[in-house]
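See below for my_file.tsv, which holds TSV, C-alpha atoms.
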```tsv
chain	number	residue	atom	x	y	z
A	1	MET	CA	-22.36	-0.25	7.39
A	2	GLN	CA	-23.14	-1.71	3.97
A	3	THR	CA	-21.86	-5.21	3.16
A	4	ILE	CA	-20.96	-6.18	-0.39
A	5	ASP	CA	-20.47	-9.92	-0.95
A	6	LEU	CA	-18.16	-10.76	-3.85
A	7	ASN	CA	-19.74	-14.20	-4.09
A	8	THR	CA	-22.87	-12.46	-5.44
A	9	THR	CA	-21.47	-9.18	-6.83
A	10	THR	CA	-19.01	-8.82	-9.71
A	11	LEU	CA	-15.73	-6.97	-9.34
A	12	ARG	CA	-16.90	-4.34	-11.84
A	13	GLU	CA	-20.12	-3.79	-9.84
A	14	LEU	CA	-18.13	-3.49	-6.60
A	15	ASN	CA	-15.71	-0.88	-7.91
A	16	SER	CA	-18.45	1.08	-9.70
A	17	ARG	CA	-20.50	1.18	-6.51
A	18	LEU	CA	-17.56	2.21	-4.32
A	19	GLN	CA	-16.50	4.91	-6.80
A	20	THR	CA	-19.95	6.54	-6.61
A	21	GLU	CA	-20.52	6.36	-2.85
A	22	SER	CA	-21.06	9.60	-0.90
A	23	ALA	CA	-18.56	10.96	1.61
A	24	GLY	CA	-18.78	9.27	4.99
A	25	THR	CA	-20.11	5.94	3.66
A	26	GLN	CA	-18.83	2.78	5.33
A	27	CYS	CA	-18.65	-0.46	3.33
A	28	LYS	CA	-17.50	-3.96	4.15
A	29	VAL	CA	-16.41	-6.26	1.33
A	30	SER	CA	-16.71	-9.97	2.06
A	31	ASN	CA	-15.27	-12.95	0.18
A	32	PRO	CA	-12.53	-11.15	-1.77
A	33	ASN	CA	-10.78	-14.51	-2.32
A	34	GLY	CA	-7.60	-12.93	-3.69
A	35	ARG	CA	-9.34	-11.02	-6.49
A	36	HIS	CA	-7.32	-8.32	-8.23
A	37	ALA	CA	-8.00	-4.56	-8.40
A	38	LEU	CA	-10.40	-4.34	-5.45
A	39	ALA	CA	-11.46	-0.87	-4.25
A	40	VAL	CA	-9.54	1.03	-6.94
A	41	GLY	CA	-9.97	4.63	-8.07
A	42	LEU	CA	-11.83	5.82	-4.97
A	43	THR	CA	-12.15	9.63	-4.86
A	44	GLN	CA	-14.40	10.26	-1.86
A	45	PRO	CA	-13.65	10.10	1.89
A	46	ILE	CA	-15.33	6.74	2.45
A	47	GLU	CA	-14.30	3.79	4.62
A	48	VAL	CA	-13.87	0.37	3.02
A	49	THR	CA	-13.00	-2.78	4.97
A	50	ILE	CA	-12.03	-5.81	2.91
A	51	GLU	CA	-12.45	-9.02	4.92
A	52	GLY	CA	-9.79	-11.33	3.50
A	53	HIS	CA	-6.82	-11.52	1.15
A	54	THR	CA	-6.60	-9.41	-2.01
A	55	GLY	CA	-4.78	-9.94	-5.28
A	56	TYR	CA	-2.86	-7.40	-7.36
A	57	TYR	CA	-3.37	-3.62	-7.14
A	58	ALA	CA	-5.89	-3.43	-4.30
A	59	ALA	CA	-6.74	0.15	-3.30
A	60	GLY	CA	-4.78	1.53	-6.26
A	61	MET	CA	-5.21	5.16	-7.36
A	62	ASN	CA	-6.82	6.00	-4.02
A	63	GLN	CA	-7.80	9.58	-3.23
A	64	LYS	CA	-9.26	10.43	0.19
A	65	ALA	CA	-10.64	6.96	1.06
A	66	SER	CA	-9.61	4.80	4.00
A	67	VAL	CA	-9.19	1.17	2.98
A	68	VAL	CA	-8.44	-1.63	5.44
A	69	ILE	CA	-7.45	-5.06	4.12
A	70	ASN	CA	-7.90	-7.65	6.85
A	71	GLY	CA	-5.47	-10.11	5.32
A	72	ASN	CA	-2.57	-10.16	2.89
A	73	ALA	CA	-2.30	-8.00	-0.24
A	74	GLY	CA	-0.85	-8.95	-3.60
A	75	GLN	CA	1.52	-6.98	-5.78
A	76	GLY	CA	1.09	-3.21	-6.07
A	77	VAL	CA	-1.23	-2.53	-3.13
A	78	ALA	CA	-1.93	1.25	-2.93
A	79	GLU	CA	-0.16	1.75	-6.25
A	80	ASN	CA	-0.33	5.38	-7.44
A	81	MET	CA	-2.22	6.48	-4.31
A	82	MET	CA	-2.73	10.25	-4.17
A	83	SER	CA	-4.12	10.65	-0.64
A	84	GLY	CA	-6.10	8.76	1.96
A	85	ARG	CA	-5.05	5.73	3.97
A	86	VAL	CA	-4.51	2.06	3.15
A	87	HIS	CA	-3.92	-0.39	6.00
A	88	VAL	CA	-2.92	-4.03	5.38
A	89	THR	CA	-3.19	-6.18	8.51
A	90	GLY	CA	-1.08	-8.98	7.00
A	91	ASN	CA	1.82	-9.06	4.54
A	92	ALA	CA	2.12	-7.24	1.21
A	93	SER	CA	3.74	-8.60	-1.92
A	94	SER	CA	6.15	-6.66	-4.14
A	95	SER	CA	5.80	-3.02	-5.18
A	96	ALA	CA	3.59	-1.91	-2.27
A	97	GLY	CA	2.95	1.82	-2.55
A	98	ALA	CA	4.61	2.06	-5.98
A	99	THR	CA	4.51	5.58	-7.49
A	100	ALA	CA	2.27	6.82	-4.67
A	101	HIS	CA	2.10	10.61	-4.45
A	102	GLY	CA	0.58	11.02	-0.98
A	103	GLY	CA	-1.40	9.46	1.82
A	104	LEU	CA	-0.39	6.76	4.29
A	105	LEU	CA	0.23	3.06	3.66
A	106	VAL	CA	0.54	0.86	6.76
A	107	ILE	CA	1.58	-2.79	6.47
A	108	GLU	CA	1.49	-4.73	9.73
A	109	GLY	CA	3.48	-7.68	8.39
A	110	ASP	CA	6.33	-7.83	5.88
A	111	ALA	CA	6.50	-6.22	2.44
A	112	GLY	CA	8.17	-7.84	-0.55
A	113	ALA	CA	10.71	-6.47	-3.00
A	114	ARG	CA	10.48	-2.91	-4.31
A	115	CYS	CA	8.31	-1.55	-1.51
A	116	GLY	CA	7.90	2.17	-2.18
A	117	ILE	CA	9.47	2.04	-5.64
A	118	SER	CA	9.35	5.51	-7.22
A	119	MET	CA	7.39	6.92	-4.27
A	120	LYS	CA	6.54	10.58	-4.74
A	121	GLY	CA	5.34	11.85	-1.36
A	122	VAL	CA	3.61	8.92	0.33
A	123	ASP	CA	4.39	7.83	3.87
A	124	ILE	CA	4.84	4.06	4.23
A	125	VAL	CA	5.12	2.25	7.57
A	126	VAL	CA	6.03	-1.45	7.59
A	127	ARG	CA	5.94	-3.16	11.00
A	128	GLY	CA	7.91	-6.11	9.63
A	129	SER	CA	10.76	-6.34	7.11
A	130	ILE	CA	11.02	-5.23	3.47
A	131	GLY	CA	12.59	-6.91	0.45
A	132	HIS	CA	15.36	-5.92	-1.94
A	133	MET	CA	15.34	-2.74	-4.06
A	134	SER	CA	12.85	-1.00	-1.77
A	135	ALA	CA	12.55	2.76	-2.24
A	136	PHE	CA	14.28	2.44	-5.62
A	137	MET	CA	14.07	5.83	-7.37
A	138	ALA	CA	12.04	7.19	-4.44
A	139	GLN	CA	11.60	10.92	-4.90
A	140	SER	CA	9.93	12.14	-1.69
A	141	GLY	CA	8.06	10.91	1.36
A	142	ASN	CA	9.01	8.67	4.26
A	143	LEU	CA	9.60	4.93	4.51
A	144	VAL	CA	9.63	3.55	8.06
A	145	VAL	CA	10.67	-0.08	8.54
A	146	CYS	CA	10.38	-1.58	12.02
A	147	GLU	CA	12.48	-4.68	11.29
A	148	ASP	CA	15.04	-5.40	8.50
A	149	ALA	CA	15.61	-4.22	4.93
A	150	GLY	CA	16.95	-6.20	1.96
A	151	GLU	CA	19.67	-5.40	-0.57
A	152	ALA	CA	20.06	-2.11	-2.47
A	153	LEU	CA	17.80	-0.09	-0.16
A	154	GLY	CA	17.11	3.32	-1.68
A	155	ASP	CA	19.13	2.86	-4.86
A	156	SER	CA	18.85	6.00	-7.05
A	157	LEU	CA	17.21	7.83	-4.15
A	158	TYR	CA	16.22	11.49	-4.44
A	159	GLU	CA	14.91	13.21	-1.28
A	160	THR	CA	13.02	10.43	0.47
A	161	ARG	CA	13.77	9.72	4.11
A	162	ILE	CA	14.17	6.07	5.15
A	163	PHE	CA	14.14	4.87	8.74
A	164	VAL	CA	15.08	1.26	9.55
A	165	ARG	CA	15.07	-0.11	13.07
A	166	GLY	CA	16.70	-3.45	12.20
A	167	LYS	CA	19.54	-4.44	9.90
A	168	VAL	CA	20.03	-3.29	6.32
A	169	ARG	CA	21.51	-5.91	4.03
A	170	SER	CA	23.00	-3.22	1.75
A	171	LEU	CA	22.36	0.36	0.73
A	172	GLY	CA	21.86	1.60	-2.81
A	173	ARG	CA	24.65	3.58	-4.46
A	174	THR	CA	23.19	7.02	-3.76
A	175	VAL	CA	22.22	6.54	-0.11
A	176	LYS	CA	24.03	8.34	2.70
A	177	LYS	CA	23.76	6.73	6.11
A	178	ARG	CA	23.07	9.01	9.08
A	179	LYS	CA	23.15	8.11	12.73
```

Starting from the file, lay out its structure as structure tokens.
Amino acid sequence: MQTIDLNTTTLRELNSRLQTESAGTQCKVSNPNGRHALAVGLTQPIEVTIEGHTGYYAAGMNQKASVVINGNAGQGVAENMMSGRVHVTGNASSSAGATAHGGLLVIEGDAGARCGISMKGVDIVVRGSIGHMSAFMAQSGNLVVCEDAGEALGDSLYETRIFVRGKVRSLGRTVKKRK
């Protein structure tokens, strides 16, 4: 496994290197220190492990790669993901999985407001709770929430399926509750 230290490598160098890696490559990124746009635009089936918290838009525009964030993720983690897998071992801020077309996003902690906003085929699993306006304008895919959901869940929903184990503060106007 290759290790890339962000104390000695620039963000541009990191992303350029990851975007040109061959299929099957395994990389560990150390010292992310909340930097934004880590591991974005990956198009090969590589494995990236980020050891620490990330800022905005980590693992955005992912295709085929498997990205593990061992920490919390800032706004827009896995935004516009096409395929692959993104796994956050901590919490995720707002707009996790926004506009994602495919793949799997797993968040072991809680996710903030607008989780899965405008999702277009992604599967999102949140082991904790999600914030208000989650799955707003969600078009397709699945959102699984193991704890509670905030206000206006699924407002302006199309064909997305939402599963909530805990309590839902309120449903969006277009959501039909099934038992």

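Picture a line from CA of Val48 (chain A) to CA of Ser129 (chain A); it runs 25.9 Å.
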
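With all atoms listed in the file as the atoms that count, the residue of A:Gln75, A:Asn15, A:Thr99, A:Thr49 with the shortest distance to Val122 (chain A) is A:Thr99.
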
Could you give me, as a count of residues only, the residues within 8 Å of Met133 (chain A), counting all atoms listed in the file and dropping anything in the same chain fewer than 3 positions from it? 12

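Counting all atoms listed in the file, the residue from A:Ala73, A:His53, A:Ala98, A:Val106 that sits nearest to Arg85 (chain A) is A:Val106.
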
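CA of Asn91 (chain A) sits 26.5 Å away from CA of Glu159 (chain A).
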
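For the pair CA of Ser66 (chain A) and CA of Val126 (chain A), the separation is 17.2 Å.
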
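Distances to Arg173 (chain A) were evaluated for A:Met137, A:Gly34, A:Gln26, A:Val145 using only C-alpha atoms, and the minimum falls at A:Met137.
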
Expected axis-aligned box over every listed atom of region 104-116 of chain A, 5 Å added per side, centre plus edges in Å to one decimal, as AutoDock Vina command-line options:
```
--center_x 5.2 --center_y -0.5 --center_z 2.7 --size_x 21.1 --size_y 24.6 --size_z 24.0
```

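Taking all atoms listed in the file into account, Pro45 (chain A) lies nearest to A:Gly84 out of the set A:Gly76, A:Gly166, A:Pro32, A:Gly84.
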
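Within the 6 Å cut-off around Ile162 (chain A), using only C-alpha atoms and omitting residues fewer than 3 positions from it on the same chain, the listed residues are Asn142, Leu143 and Val144 of chain A.
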
Using C-alpha atoms, can you write the selected residues to a file as a PDB file, in the frame of the given file?
```pdb
ATOM      1  CA  ASN A 142       9.010   8.670   4.260  1.00  0.00           C
ATOM      2  CA  LEU A 143       9.600   4.930   4.510  1.00  0.00           C
ATOM      3  CA  VAL A 144       9.630   3.550   8.060  1.00  0.00           C
TER       4      VAL A 144
END
```

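Here the question is which of A:Glu79, A:Asp5, A:Glu108, A:Glu47 gets nearest to Met61 (chain A) using only C-alpha atoms, and that residue is A:Glu79.
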
Name the residues in contact with Ala78 (chain A) at a cut-off of 12 Å, using all atoms listed in the file, excluding same-chain residues fewer than 5 positions from it; report them as a ChimeraX atom specification. /A:37-42,54-63,65-69,73,83-88,92-107,115-117,119,122-124

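Closest approach to Asn72 (chain A) among A:Thr20, A:Thr89, A:Thr8, A:Asn31: A:Thr89, based on all atoms listed in the file.
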
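Look at Asp148 (chain A): the protein and nucleic acid residues within 10 Å of it, using only C-alpha atoms and passing over chain neighbours fewer than 5 places away, are Asp110, Val126, Arg127, Gly128, Ser129, Ile130, Gly131, Val164, Arg165, Gly166, Lys167, Val168 and Arg169 of chain A.
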
Extract, using all atoms listed in the file, all DNA, RNA and protein residues at most 9 Å from Leu14 (chain A), discarding same-chain residues fewer than 3 positions from it, and format them as a PDB file with C-alpha atoms, keeping the file's coordinate frame.
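After the write, part_11.pdb holds the following:
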```pdb
ATOM      1  CA  ILE A   4     -20.960  -6.180  -0.390  1.00  0.00           C
ATOM      2  CA  ASP A   5     -20.470  -9.920  -0.950  1.00  0.00           C
ATOM      3  CA  LEU A   6     -18.160 -10.760  -3.850  1.00  0.00           C
ATOM      4  CA  THR A   9     -21.470  -9.180  -6.830  1.00  0.00           C
ATOM      5  CA  THR A  10     -19.010  -8.820  -9.710  1.00  0.00           C
ATOM      6  CA  LEU A  11     -15.730  -6.970  -9.340  1.00  0.00           C
ATOM      7  CA  ARG A  17     -20.500   1.180  -6.510  1.00  0.00           C
ATOM      8  CA  LEU A  18     -17.560   2.210  -4.320  1.00  0.00           C
ATOM      9  CA  GLN A  19     -16.500   4.910  -6.800  1.00  0.00           C
ATOM     10  CA  VAL A  29     -16.410  -6.260   1.330  1.00  0.00           C
ATOM     11  CA  LEU A  38     -10.400  -4.340  -5.450  1.00  0.00           C
ATOM     12  CA  ALA A  39     -11.460  -0.870  -4.250  1.00  0.00           C
TER      13      ALA A  39
END
```
